[in-house]
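Trainee: Encoded as structure tokens, here's the structure I'll be asking about.
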Amino acid sequence: MAREALSGYLESIFARGIRVSRPSKLKGANVHHIRPATKVAVPLMLRQMRQDAGLTQQQLAKRLGVAYTSYQRLENPRKGNMTLEMLDRVCDALGCSAEVDLKAAR
């Protein structure tokens with residue numbers, strides 16, 4: 001339930017245009033790291049990487065050779081539908097790499 005709550009919270013922050021801060025690097029016995037749902041995490045990470053690179057959505061869309069509105073959807077948790085191919089293209093354009101880790105449910 002914590003994952004759903006975090007995902008909903010992050011989605012609401014995005015909808016209001018509030019910048020999402022980076023996760024803290026706290027460690028300890030009472031600290032639990034919770035990943036938001038992928039449909040929320042990937043668009044927000046993408047936005048953070050683009051901002052860190054100092055690019056606007058329009059500039060990155062141009063680098064990718066896609067329409068601005070198409071790129072805009074990739075950063076929206078409610079509308080984004082990132083494919084692995086597009087993730088690879090975005091990482092190339094930003095000079096980063098992506099790791100995908102698939103694990104079977106236990």
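All residue names refer to the structure tokens as shown: chains lettered A, B, ... in order, residues numbered from 1 in each chain, ligands numbered from 1 in order.
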Name the residues in contact with stretch 43-60 of chain A at a cut-off of 6 Å, using only C-alpha atoms, excluding same-chain residues fewer than 2 positions from it; report them as a short mmCIF file (atom, residue, chain, number, x, y, z; two decimals) with N, CA and C atoms, in the first residue's frame.
Mentor:
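Result file follows (out28.cif):
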```cif
data_model
loop_
_atom_site.label_atom_id
_atom_site.label_comp_id
_atom_site.auth_asym_id
_atom_site.auth_seq_id
_atom_site.Cartn_x
_atom_site.Cartn_y
_atom_site.Cartn_z
N VAL A 40 4.96 5.79 -12.97
CA VAL A 40 5.22 7.10 -12.38
C VAL A 40 6.72 7.37 -12.33
N ALA A 41 7.50 6.38 -11.95
CA ALA A 41 8.94 6.56 -11.74
C ALA A 41 9.68 6.92 -13.03
N LYS A 62 13.62 17.65 -30.30
CA LYS A 62 14.34 17.90 -31.56
C LYS A 62 15.51 16.94 -31.70
N ARG A 63 16.27 16.72 -30.62
CA ARG A 63 17.38 15.76 -30.65
C ARG A 63 16.91 14.35 -31.00
N TYR A 68 7.24 17.66 -30.44
CA TYR A 68 7.27 18.15 -29.06
C TYR A 68 6.18 17.50 -28.23
N GLU A 75 6.98 12.34 -20.49
CA GLU A 75 7.25 12.82 -19.14
C GLU A 75 5.99 12.91 -18.29
N ASN A 76 4.87 12.53 -18.83
CA ASN A 76 3.61 12.61 -18.09
C ASN A 76 3.22 11.22 -17.58
N PRO A 77 3.18 11.02 -16.24
CA PRO A 77 2.84 9.70 -15.70
C PRO A 77 1.47 9.18 -16.13
#
```
Trainee: Mind checking which residues fall within 10 Å of A:Met86, counting only C-alpha atoms, ignoring those fewer than 4 positions away in the same chain, and posting them as a PyMOL selection string?
Mentor: chain A and resi 64+71+74+81-82+90-92
Trainee: Measuring atom to atom with only C-alpha atoms, identify which of A:Val42, A:Ile18, A:Thr69, A:Cys96 is nearest to A:Thr83.
Mentor: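 Distance minimum relative to A:Thr83 lands on A:Val42.
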Trainee: Check the DSSP output for the backbone and give back, as a count of residues only, the residues of stretch 38-92 of chain A in helix (DSSP H, G or I).
Mentor: 39
Trainee: Taking only C-alpha atoms into account, name the residue in A:Ala67, A:Lys79, A:Ala15, A:Ala61 that is nearest to A:Ala93.
Mentor: A:Ala61
Trainee: Select, from A:Ala5, A:Glu11, A:Leu87, A:Ser70, the residue with the minimum atom-to-atom distance to A:Lys39, counting only C-alpha atoms.
Mentor: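 Of all the options, A:Glu11 lies closest to A:Lys39.
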